[in-house]
>>> print(open('final.cif').read())   # mmCIF, C-alpha atoms
data_target
loop_
_atom_site.label_atom_id
_atom_site.label_comp_id
_atom_site.auth_asym_id
_atom_site.auth_seq_id
_atom_site.Cartn_x
_atom_site.Cartn_y
_atom_site.Cartn_z
CA MET A 1 -5.12 126.62 139.45
CA ALA A 2 -7.69 128.23 141.71
CA ALA A 3 -7.73 125.42 144.26
CA ALA A 4 -3.95 125.13 144.42
CA THR A 5 -3.40 128.86 144.80
CA LEU A 6 -6.06 129.17 147.48
CA SER A 7 -4.61 126.40 149.59
CA SER A 8 -1.16 127.90 149.16
CA ALA A 9 -2.58 131.27 150.12
CA LEU A 10 -4.01 129.76 153.28
CA ARG A 11 -0.64 128.22 154.15
CA LEU A 12 1.13 131.44 153.25
CA THR A 13 -1.15 133.47 155.46
CA GLY A 14 -0.05 131.33 158.39
CA ALA A 15 3.55 131.94 157.40
CA ALA A 16 2.82 135.61 156.85
CA CYS A 17 1.49 135.84 160.41
CA ALA A 18 4.73 134.38 161.70
CA ALA A 19 6.76 136.66 159.47
CA ARG A 20 4.86 139.76 160.55
CA VAL A 21 6.13 139.57 164.09
CA SER A 22 9.79 139.48 163.21
CA ARG A 23 11.80 142.58 163.96
CA SER A 24 14.91 141.69 162.07
CA SER A 25 15.79 142.84 158.58
CA ALA A 26 15.86 139.20 157.65
CA LEU A 27 12.17 139.72 156.96
CA HIS A 28 13.21 141.31 153.71
CA THR A 29 15.06 138.18 152.73
CA ALA A 30 12.23 136.05 153.98
CA ALA A 31 9.68 138.12 152.06
CA ALA A 32 11.79 137.73 148.95
CA SER A 33 11.61 133.98 149.32
CA PHE A 34 7.82 133.77 149.59
CA LYS A 35 7.01 131.14 147.07
CA GLN A 36 4.05 128.98 146.35
CA GLY A 37 4.01 126.10 148.76
CA ALA A 38 6.89 127.33 150.94
CA PRO A 39 6.40 125.50 154.25
CA ALA A 40 5.66 127.63 157.29
CA ALA A 41 8.32 125.66 159.16
CA GLY A 42 10.97 127.36 157.04
CA PHE A 43 10.48 130.53 159.06
CA ALA A 44 11.47 128.81 162.26
CA GLY A 45 14.82 128.02 160.65
CA THR A 46 18.04 129.82 160.20
CA ARG A 47 17.01 133.00 158.40
CA LEU A 48 15.12 134.80 161.15
CA ARG A 49 16.80 135.82 164.35
CA ASN A 50 15.56 137.53 167.50
CA ILE A 51 11.91 136.84 166.88
CA ARG A 52 9.72 138.43 169.51
CA ARG A 53 6.05 137.64 169.28
CA PRO A 54 3.44 139.84 170.94
CA ALA A 55 0.90 138.01 173.07
CA THR A 56 -1.75 138.35 170.40
CA PRO A 57 -1.24 139.31 166.77
CA VAL A 58 -2.20 142.92 166.29
CA TYR A 59 -3.99 144.18 163.22
CA GLY A 60 -1.50 146.17 161.18
CA GLN A 61 0.82 147.04 164.05
CA THR A 62 3.68 144.71 163.26
CA THR A 63 4.49 146.26 159.89
CA GLN A 64 5.53 149.36 161.79
CA ARG A 65 8.39 147.42 163.35
CA HIS A 66 10.11 146.65 160.11
CA MET A 67 9.54 150.00 158.48
CA ALA A 68 12.93 151.12 159.67
CA THR A 69 14.84 148.02 158.70
CA VAL A 70 13.75 147.46 155.08
CA ALA A 71 15.27 149.59 152.36
CA THR A 72 12.75 151.32 150.12
CA ILE A 73 12.40 149.97 146.60
CA LYS A 74 14.23 151.94 143.91
CA VAL A 75 14.78 151.93 140.18
CA GLY A 76 16.86 148.97 139.10
CA ASP A 77 15.71 146.74 141.96
CA LYS A 78 14.00 143.46 141.26
CA LEU A 79 10.58 143.54 142.87
CA PRO A 80 10.56 141.29 145.95
CA ASP A 81 8.21 138.36 145.65
CA GLY A 82 5.03 138.29 147.66
CA SER A 83 1.48 137.07 147.56
CA LEU A 84 -1.58 139.26 147.04
CA SER A 85 -5.22 138.28 146.78
CA TYR A 86 -8.22 139.34 144.75
CA PHE A 87 -11.68 138.21 143.65
CA ASP A 88 -11.80 137.22 140.00
CA ALA A 89 -14.61 137.94 137.56
CA GLU A 90 -16.46 134.79 138.64
CA GLY A 91 -16.31 135.80 142.30
CA ALA A 92 -13.68 133.28 143.34
CA LEU A 93 -10.95 134.30 145.77
CA GLN A 94 -7.60 134.05 144.03
CA SER A 95 -4.03 134.52 145.10
CA VAL A 96 -1.22 135.71 142.85
CA THR A 97 2.51 136.08 143.40
CA ILE A 98 4.37 139.15 142.24
CA GLU A 99 6.81 136.82 140.54
CA SER A 100 4.14 135.22 138.35
CA LEU A 101 2.45 138.56 137.72
CA THR A 102 5.61 140.27 136.46
CA LYS A 103 7.76 137.54 134.92
CA GLY A 104 8.50 138.33 131.29
CA LYS A 105 5.91 141.10 131.26
CA LYS A 106 5.62 144.86 131.38
CA VAL A 107 3.53 145.64 134.45
CA VAL A 108 2.30 148.91 135.91
CA LEU A 109 1.89 148.60 139.66
CA PHE A 110 0.46 151.50 141.62
CA ALA A 111 -0.53 151.76 145.27
CA VAL A 112 -3.05 153.79 147.21
CA PRO A 113 -3.24 154.44 150.95
CA GLY A 114 -6.84 153.27 151.15
CA ALA A 115 -9.87 152.15 149.25
CA PHE A 116 -12.78 154.60 149.52
CA THR A 117 -10.57 157.56 150.38
CA PRO A 118 -10.99 160.57 148.11
CA THR A 119 -7.79 161.06 146.10
CA CYS A 120 -7.59 157.32 145.56
CA SER A 121 -11.23 157.03 144.52
CA GLN A 122 -11.64 160.24 142.59
CA LYS A 123 -8.33 160.67 140.86
CA HIS A 124 -5.72 157.97 141.19
CA LEU A 125 -7.60 154.80 140.35
CA PRO A 126 -10.04 156.38 137.87
CA GLY A 127 -7.03 157.94 136.12
CA PHE A 128 -5.54 154.53 135.49
CA ILE A 129 -8.88 153.08 134.43
CA ALA A 130 -9.30 155.87 131.88
CA LYS A 131 -5.76 155.45 130.53
CA ALA A 132 -5.75 151.66 130.60
CA ASP A 133 -6.22 151.25 126.86
CA GLU A 134 -3.52 153.79 126.07
CA LEU A 135 -1.12 152.04 128.44
CA ARG A 136 -1.88 148.68 126.82
CA ALA A 137 -1.25 150.21 123.39
CA LYS A 138 2.23 151.15 124.65
CA GLY A 139 3.00 147.56 125.55
CA VAL A 140 1.84 147.32 129.16
CA ASP A 141 0.53 143.82 129.85
CA THR A 142 -1.06 144.31 133.25
CA ILE A 143 -2.13 147.29 135.36
CA ALA A 144 -2.53 146.44 139.02
CA CYS A 145 -3.47 148.51 142.05
CA VAL A 146 -2.27 147.48 145.50
CA SER A 147 -3.76 148.62 148.80
CA VAL A 148 -3.55 147.45 152.38
CA ASN A 149 -7.18 146.37 152.44
CA ASP A 150 -8.83 142.97 152.44
CA PRO A 151 -10.01 141.45 149.15
CA PHE A 152 -13.69 142.01 149.98
CA VAL A 153 -13.17 145.73 150.34
CA MET A 154 -11.02 145.84 147.20
CA ARG A 155 -13.72 144.08 145.22
CA ALA A 156 -16.44 146.43 146.44
CA TRP A 157 -14.22 149.43 145.69
CA GLY A 158 -13.44 148.17 142.20
CA GLU A 159 -17.13 147.71 141.49
CA SER A 160 -17.88 151.23 142.66
CA VAL A 161 -15.46 152.72 140.11
CA ASN A 162 -15.93 150.14 137.31
CA ALA A 163 -12.39 148.85 137.31
CA ALA A 164 -13.32 145.45 135.87
CA GLY A 165 -11.18 144.44 132.92
CA LYS A 166 -9.02 147.55 133.17
CA VAL A 167 -7.19 147.49 136.49
CA LEU A 168 -6.55 144.47 138.69
CA LEU A 169 -7.21 145.33 142.32
CA LEU A 170 -4.86 143.43 144.61
CA ALA A 171 -5.31 143.15 148.35
CA ASP A 172 -2.23 143.34 150.57
CA GLY A 173 -4.46 142.66 153.58
CA SER A 174 -1.82 142.47 156.29
CA GLY A 175 0.51 144.98 154.66
CA VAL A 176 3.27 142.41 154.36
CA TYR A 177 4.10 143.11 150.73
CA THR A 178 3.99 146.88 151.24
CA ALA A 179 6.44 146.46 154.11
CA ALA A 180 8.70 144.34 151.88
CA LEU A 181 8.87 147.29 149.46
CA GLY A 182 9.68 149.67 152.30
CA ALA A 183 6.58 151.67 151.41
CA SER A 184 4.62 151.42 154.67
CA LEU A 185 2.97 154.56 156.01
CA ASP A 186 1.38 154.94 159.41
CA LEU A 187 -1.96 156.65 158.98
CA SER A 188 -3.36 155.67 162.37
CA ASP A 189 -4.15 159.27 163.20
CA LYS A 190 -6.59 159.24 160.29
CA GLY A 191 -8.17 156.00 161.49
CA LEU A 192 -6.53 153.94 158.75
CA GLY A 193 -3.72 152.12 160.52
CA VAL A 194 -0.54 151.22 158.67
CA ARG A 195 -1.07 151.56 154.93
CA SER A 196 0.95 152.07 151.78
CA ARG A 197 2.57 155.21 150.46
CA ARG A 198 1.16 156.25 147.13
CA TYR A 199 3.36 155.19 144.23
CA ALA A 200 3.28 154.13 140.61
CA LEU A 201 5.97 151.98 139.07
CA LEU A 202 6.74 150.22 135.84
CA ALA A 203 8.37 146.80 136.05
CA ASP A 204 9.99 145.03 133.11
CA ASP A 205 10.31 141.31 133.84
CA GLY A 206 10.05 142.20 137.52
CA VAL A 207 12.76 144.87 137.50
CA VAL A 208 11.68 148.40 138.37
CA SER A 209 12.39 150.71 135.45
CA VAL A 210 10.26 153.69 136.48
CA LEU A 211 9.34 154.60 140.03
CA ASN A 212 7.26 157.55 141.20
CA LEU A 213 7.03 157.28 144.96
CA GLU A 214 5.07 159.95 146.77
CA GLU A 215 5.68 161.26 150.23
CA GLY A 216 2.78 159.82 152.18
CA GLY A 217 -0.52 160.12 150.33
CA ALA A 218 0.32 163.14 148.19
CA PHE A 219 -0.62 162.96 144.53
CA THR A 220 2.04 164.75 142.51
CA ASN A 221 3.81 162.39 140.14
CA SER A 222 2.19 158.98 140.44
CA SER A 223 -0.71 159.38 138.04
CA ALA A 224 -1.37 157.44 134.87
CA GLU A 225 -0.25 160.38 132.78
CA ASP A 226 3.13 160.36 134.48
CA ILE A 227 3.60 156.68 133.69
CA LEU A 228 2.45 157.21 130.10
CA LYS A 229 5.04 159.95 129.68
CA ALA A 230 7.75 157.61 130.89
CA LEU A 231 6.86 154.86 128.42
CA MET B 1 -18.73 122.10 164.51
CA ALA B 2 -15.29 123.50 165.25
CA LEU B 3 -13.74 121.80 162.24
CA ALA B 4 -16.31 123.23 159.87
CA SER B 5 -15.81 126.82 161.00
CA ALA B 6 -13.19 127.93 158.49
CA ALA B 7 -14.83 126.10 155.61
CA THR B 8 -18.16 127.66 156.51
CA LEU B 9 -16.60 131.08 156.91
CA LEU B 10 -15.08 130.80 153.48
CA ARG B 11 -18.23 129.45 151.89
CA ARG B 12 -20.37 132.19 153.30
CA SER B 13 -17.86 134.70 152.09
CA ARG B 14 -18.47 133.42 148.58
CA VAL B 15 -15.28 131.49 147.99
CA PRO B 16 -16.39 128.62 145.81
CA SER B 17 -12.96 127.62 144.56
CA ILE B 18 -12.25 125.08 147.32
CA SER B 19 -12.74 121.96 145.30
CA SER B 20 -10.22 119.35 146.37
CA ALA B 21 -10.16 117.37 149.57
CA ALA B 22 -6.70 118.70 150.39
CA ASP B 23 -7.99 122.25 150.37
CA VAL B 24 -10.93 121.43 152.62
CA ILE B 25 -8.60 119.72 155.06
CA GLY B 26 -6.26 122.68 154.93
CA ALA B 27 -9.14 125.06 155.62
CA MET B 28 -10.44 122.87 158.41
CA ARG B 29 -7.03 122.75 160.07
CA LEU B 30 -6.86 126.51 159.98
CA GLY B 31 -10.43 126.70 161.22
CA ALA B 32 -9.74 124.43 164.16
CA SER B 33 -6.59 126.27 165.13
CA ALA B 34 -8.33 129.63 164.69
CA LEU B 35 -11.18 128.51 166.92
CA LEU B 36 -8.80 127.17 169.57
CA GLN B 37 -6.85 130.41 169.41
CA HIS B 38 -10.08 132.36 169.82
CA ARG B 39 -11.14 130.27 172.79
CA ALA B 40 -7.73 130.64 174.39
CA ALA B 41 -7.70 134.38 173.74
CA SER B 42 -11.17 134.95 175.11
CA SER B 43 -10.60 132.88 178.21
CA SER B 44 -7.31 134.61 178.98
CA SER B 45 -8.53 138.14 178.36
CA SER B 46 -11.67 137.94 180.52
CA SER B 47 -11.83 137.42 184.25
CA SER B 48 -13.97 134.61 185.58
CA SER B 49 -16.80 134.31 183.06
CA SER B 50 -16.18 133.96 179.36
CA GLN B 51 -18.07 137.16 178.58
CA PRO B 52 -17.56 140.73 179.78
CA SER B 53 -20.32 142.12 181.98
CA ALA B 54 -19.78 145.77 181.20
CA ILE B 55 -17.81 148.13 179.04
CA ASP B 56 -15.38 150.13 181.12
CA LEU B 57 -16.37 153.63 180.01
CA SER B 58 -13.22 155.17 181.45
CA TRP B 59 -10.92 152.94 179.39
CA PRO B 60 -9.19 155.16 176.83
CA ALA B 61 -10.13 153.25 173.69
CA THR B 62 -11.84 155.15 170.95
CA LEU B 63 -14.18 154.32 168.15
CA GLN B 64 -14.51 156.37 165.01
CA LYS B 65 -17.90 157.17 163.58
CA ALA B 66 -18.07 156.03 159.97
CA ARG B 67 -17.80 159.09 157.80
CA SER B 68 -16.50 160.28 154.46
CA TRP B 69 -12.94 161.52 154.24
CA ASP B 70 -14.14 165.11 153.82
CA ASP B 71 -16.11 164.84 157.04
CA GLY B 72 -13.03 163.42 158.66
CA VAL B 73 -10.99 166.41 157.57
CA ALA B 74 -13.73 168.79 158.71
CA THR B 75 -13.76 167.26 162.19
CA SER B 76 -9.96 166.89 162.32
CA PHE B 77 -10.45 163.13 162.37
CA ALA B 78 -12.11 163.33 165.77
CA THR B 79 -12.71 160.10 167.60
CA SER B 80 -15.49 159.09 169.95
CA SER B 81 -14.66 157.91 173.43
CA LEU B 82 -16.49 154.96 174.89
CA ALA B 83 -18.33 157.33 177.21
CA ASP B 84 -19.50 159.36 174.19
CA VAL B 85 -20.94 156.24 172.64
CA PHE B 86 -22.42 154.34 175.59
CA LYS B 87 -22.89 156.58 178.60
CA GLY B 88 -26.40 157.36 179.75
CA ARG B 89 -28.30 155.62 177.00
CA LYS B 90 -29.64 152.25 175.97
CA VAL B 91 -28.22 150.96 172.73
CA VAL B 92 -28.24 147.80 170.71
CA ILE B 93 -24.82 147.15 169.21
CA PHE B 94 -23.76 144.36 166.90
CA GLY B 95 -20.32 143.53 165.56
CA VAL B 96 -19.47 142.04 162.19
CA PRO B 97 -16.20 140.53 160.92
CA GLY B 98 -15.92 142.68 157.84
CA ALA B 99 -17.62 145.25 155.66
CA PHE B 100 -18.60 143.95 152.24
CA THR B 101 -18.38 140.31 153.28
CA GLY B 102 -21.21 137.86 152.64
CA VAL B 103 -23.21 137.21 155.78
CA CYS B 104 -22.63 140.72 157.12
CA SER B 105 -24.00 142.38 154.01
CA LYS B 106 -26.71 139.96 153.05
CA ALA B 107 -28.28 139.03 156.34
CA HIS B 108 -26.91 140.62 159.47
CA VAL B 109 -27.27 144.33 158.74
CA PRO B 110 -30.54 144.00 156.78
CA GLY B 111 -32.02 142.12 159.74
CA TYR B 112 -31.34 145.03 162.05
CA LEU B 113 -32.59 147.56 159.51
CA ALA B 114 -35.90 145.75 159.35
CA ALA B 115 -36.15 145.49 163.13
CA LEU B 116 -35.42 149.15 163.80
CA PRO B 117 -39.01 150.26 164.53
CA ALA B 118 -39.54 147.33 166.89
CA LEU B 119 -36.29 148.04 168.71
CA LYS B 120 -37.07 151.74 169.08
CA ALA B 121 -40.50 150.83 170.45
CA LYS B 122 -38.75 148.90 173.22
CA GLY B 123 -36.88 151.96 174.40
CA VAL B 124 -33.64 151.49 172.49
CA ASP B 125 -32.07 154.89 171.80
CA ALA B 126 -29.85 153.83 168.93
CA VAL B 127 -28.68 150.81 166.98
CA LEU B 128 -24.93 150.65 166.39
CA CYS B 129 -22.85 148.47 164.13
CA THR B 130 -19.13 148.05 164.57
CA ALA B 131 -16.34 146.28 162.66
CA VAL B 132 -12.57 146.23 162.43
CA ASN B 133 -12.46 148.41 159.30
CA ASP B 134 -11.46 151.99 158.74
CA PRO B 135 -14.24 154.59 159.03
CA TYR B 136 -14.24 155.43 155.29
CA THR B 137 -14.73 151.84 154.19
CA LEU B 138 -17.52 151.48 156.76
CA HIS B 139 -19.10 154.67 155.44
CA ALA B 140 -19.03 153.38 151.87
CA TRP B 141 -20.51 150.08 153.01
CA ALA B 142 -23.25 151.77 155.03
CA ASN B 143 -24.18 153.83 151.98
CA GLN B 144 -24.29 150.73 149.80
CA LEU B 145 -26.65 149.07 152.29
CA GLN B 146 -28.66 152.30 152.57
CA ALA B 147 -28.28 152.03 156.31
CA HIS B 148 -26.26 155.16 156.89
CA ASP B 149 -28.96 157.34 158.40
CA LYS B 150 -30.63 154.55 160.34
CA ILE B 151 -27.83 152.62 162.02
CA ASP B 152 -24.77 154.31 163.51
CA PHE B 153 -21.63 152.66 162.19
CA TYR B 154 -18.51 152.83 164.34
CA ALA B 155 -15.06 151.82 163.13
CA ASP B 156 -12.70 149.96 165.44
CA PHE B 157 -9.89 150.38 162.93
CA ASP B 158 -7.09 148.82 164.98
CA GLY B 159 -9.23 146.23 166.72
CA SER B 160 -8.44 147.58 170.18
CA PHE B 161 -12.08 147.89 171.27
CA HIS B 162 -12.84 144.28 170.37
CA ARG B 163 -9.62 142.98 171.91
CA HIS B 164 -10.38 144.78 175.13
CA LEU B 165 -13.72 142.99 175.35
CA GLY B 166 -12.29 139.67 174.21
CA LEU B 167 -14.46 139.73 171.09
CA GLN B 168 -11.72 139.54 168.51
CA PHE B 169 -11.48 136.62 166.13
CA ASP B 170 -8.65 135.53 163.89
CA CYS B 171 -10.13 135.46 160.41
CA SER B 172 -6.82 134.83 158.68
CA GLY B 173 -8.31 131.71 157.15
CA ALA B 174 -10.54 133.98 155.09
CA LEU B 175 -7.64 136.37 154.45
CA LEU B 176 -9.16 139.00 156.72
CA GLY B 177 -6.65 138.96 159.56
CA MET B 178 -7.63 139.83 163.11
CA ARG B 179 -11.23 140.97 163.11
CA SER B 180 -14.30 141.00 165.28
CA ASN B 181 -16.32 137.94 166.02
CA ARG B 182 -20.01 138.18 165.12
CA TRP B 183 -21.88 139.37 168.21
CA ALA B 184 -24.80 141.48 169.37
CA ALA B 185 -25.65 143.11 172.68
CA VAL B 186 -27.98 145.40 174.55
CA VAL B 187 -25.90 147.92 176.46
CA GLU B 188 -27.45 150.22 179.03
CA ASP B 189 -25.15 152.94 180.33
CA GLY B 190 -22.18 150.71 179.56
CA VAL B 191 -23.55 147.58 181.21
CA PHE B 192 -24.29 144.52 179.10
CA LYS B 193 -27.95 143.66 179.59
CA SER B 194 -27.51 140.83 177.14
CA LEU B 195 -24.56 139.71 175.07
CA LYS B 196 -24.72 137.08 172.37
CA ILE B 197 -21.58 135.86 170.63
CA GLU B 198 -21.54 133.42 167.74
CA GLU B 199 -19.40 130.28 167.90
CA ASN B 200 -17.67 131.44 164.76
CA PRO B 201 -18.14 134.54 162.66
CA GLY B 202 -19.42 132.69 159.62
CA GLU B 203 -22.65 131.89 161.44
CA LEU B 204 -25.66 134.03 162.20
CA LEU B 205 -27.58 132.07 164.80
CA VAL B 206 -27.70 133.92 168.12
CA SER B 207 -26.84 137.51 167.24
CA ARG B 208 -29.73 138.34 164.95
CA ALA B 209 -32.12 141.20 165.51
CA GLU B 210 -34.84 138.73 166.53
CA ASP B 211 -32.61 137.35 169.29
CA ILE B 212 -31.99 140.82 170.64
CA LEU B 213 -35.69 141.66 170.47
CA THR B 214 -36.45 138.53 172.48
CA SER B 215 -33.90 139.47 175.10
CA LEU B 216 -35.48 142.91 175.43
CA GLU B 217 -38.79 141.50 176.52
#
>>> encode(input="final.cif", output="structure tokens")
Amino acid sequence: MAAATLSSALRLTGAACAARVSRSSALHTAAASFKQGAPAAGFAGTRLRNIRRPATPVYGQTTQRHMATVATIKVGDKLPDGSLSYFDAEGALQSVTIESLTKGKKVVLFAVPGAFTPTCSQKHLPGFIAKADELRAKGVDTIACVSVNDPFVMRAWGESVNAAGKVLLLADGSGVYTAALGASLDLSDKGLGVRSRRYALLADDGVVSVLNLEEGGAFTNSSAEDILKAL
Amino acid sequence: MALASAATLLRRSRVPSISSAADVIGAMRLGASALLQHRAASSSSSSSSSQPSAIDLSWPATLQKARSWDDGVATSFATSSLADVFKGRKVVIFGVPGAFTGVCSKAHVPGYLAALPALKAKGVDAVLCTAVNDPYTLHAWANQLQAHDKIDFYADFDGSFHRHLGLQFDCSGALLGMRSNRWAAVVEDGVFKSLKIEENPGELLVSRAEDILTSLE
């Protein structure tokens, strides 16, 4: 499983690079069709129109272009598929699709603007770690945290707050999945680049049943307690 | 050499799960294309030579000193201009692909930490480390390496500083995206006295502290 998913992740990253530069709203459709083993050539086909590539790919910049064209996720929507990466307990780099993570399960997915930033480190993630057992007792199968960071940083951050076994830290390194949810947030003036808005959601078999989406990085209704109340 | 770059990069980043031949070939293909892309990018972004001779201190790029979020708020997220960082002093600066990744953490930074007294004895005012990470991640990493008070860490969060110098490298094969290549330099008042760039960021052969010490003689 590890070898297959890694090679697919490598292929997908190539496809993700191609997808990043698209300006059209077809990216949302394309992002929804991210599947294991989908050939990169598929993106040169009929779905994407008016592709304009910059001379060199720019770290984080391209997600800004489709912020305006993708509708933000809302209650009742099926979560778009996408691929996120993480380091497992043995230290191997793994890739997981949202589809496989959420199919037939009750999943809590929450997002932070950045690893190692204060609200995220001191309140948001630790809150979910502390409430993990309670959430599991209420039927939650998986608790996952998404951030636009690379998997190395996510691993180091998880170790610094002892997230192991409680919360799965998923890296949306290029911000592609965050953009597919319509949750991108430009924090360049803080030196962060394009990141994710803070949110917490509950997905039943991949369909969003509870969604607490913050404005920017505020921390008002997306804590573990808020999700527990909704269960 | 070129074909092994991505596989090496992944190995050194502790990714042991490549086990089948198909995966190695896939990684190699990405490595080769990444290396060709890097070579094409660096040859098109520089003038005649393949390496820049100086940092244009008037160019409006900024670096951000690695700091905690609270410090960022206290300074209104102030940035440092290139003149602030390089003008009028002699510094040793080295660039790494990513905070918390294997070679960077285990060998590259520790090497410079150990060589600090020797470098200062040769008239170096400061040792700087830079990476395409945000300043808060760099700060956390510097603390973990206990290097925070000894080496100045500067964040090139959008990669613009490295792209301007042609030192960027596509590390998508290791799921890092566009980052910095591994490099080290002695910069005196913005002019490169020596500049050493690795063939690929997974290696640490020419940009170690010892290499810089040799070039300072």
>>> resolve_selection(input="final.cif", expression="the PyMOL selection byres ((chain A and resi 132-141) around 8)", output="list in words")
Lys105, Lys106, Val107, Val108, Phe128, Ile129, Ala130, Lys131, Thr142, Ile143, Lys166, Val167, Leu228 and Leu231 of chain A
>>> resolve_selection(input="final.cif", expression="the PyMOL selection byres ((chain B and resi 96) around 8)", output="PyMOL selection string")
chain B and resi 94-95+97-99+104+129-131+180-183+201
>>> closest_residue(input="final.cif", among="B:Phe100, B:Trp141, B:Phe86, B:Phe169", to="Val186 (chain B)", atoms="all atoms listed in the file")
B:Phe86
>>> atom_distance(input="final.cif", atom1="CA of Val191 (chain B)", atom2="CA of Ile55 (chain B)")
6.2 Å
>>> atom_distance(input="final.cif", atom1="CA of Gly158 (chain A)", atom2="CA of Leu125 (chain A)")
9.0 Å
>>> atom_distance(input="final.cif", atom1="CA of Ala200 (chain A)", atom2="CA of His124 (chain A)")
9.8 Å
>>> residues_near_point(input="final.cif", point="(-0.2, 150.1, 145.6)", cutoff="10 Å", atoms="all atoms listed in the file", output="MDAnalysis selection string")
chainID A and resid 109:114 144:148 169:172 177:178 183 195:201
>>> resolve_selection(input="final.cif", expression="the PyMOL selection byres ((chain B and resi 111-120) around 10)", output="PyMOL selection string")
chain B and resi 91-94+104-110+121-129+145-147+150-151+208-210+212-213+216
>>> residues_around(input="final.cif", residues="Val96 (chain A)", least_positions_apart="3", cutoff="9 Å", atoms="all atoms listed in the file", output="list in words")
Thr5, Ala9, Gly82, Ser83, Leu84, Ser85, Tyr86, Glu99, Ser100, Leu101 and Leu170 of chain A
>>> residues_around(input="final.cif", residues="Gly72 (chain B)", least_positions_apart="3", cutoff="12 Å", atoms="only C-alpha atoms", output="VMD selection string")
(chain A and resid 117 to 118 189 to 192) or (chain B and resid 64 to 69 75 to 79 134 to 136 139)
>>> closest_residue(input="final.cif", among="B:Ala61, B:Ala83, B:Leu195, B:Leu175", to="chain A", atoms="all atoms listed in the file")
B:Leu175
>>> residues_around(input="final.cif", residues="Gly165 (chain A)", least_positions_apart="3", cutoff="9 Å", atoms="only C-alpha atoms", output="number ranges by chain")
A: 89, 162, 168
>>> closest_residue(input="final.cif", among="A:Phe87, A:Phe152, A:Thr72, A:Gly127", to="chain B", atoms="all atoms listed in the file")
A:Phe152
>>> closest_residue(input="final.cif", among="B:Ala142, B:Val206, B:Ala74, B:Met178", to="chain A", atoms="only C-alpha atoms")
B:Met178
>>> closest_residue(input="final.cif", among="A:Ile98, A:Ala115, A:Leu181, A:Ala218", to="chain B", atoms="only C-alpha atoms")
A:Ala115
>>> closest_residue(input="final.cif", among="A:Gly175, A:Gly91, A:Gly216, A:Gly206", to="chain B", atoms="all atoms listed in the file")
A:Gly91
>>> residues_around(input="final.cif", residues="Ile73 (chain A)", least_positions_apart="2", cutoff="10 Å", atoms="all atoms listed in the file", output="ChimeraX atom specification")
/A:70-71,75-80,180-183,208,211,213
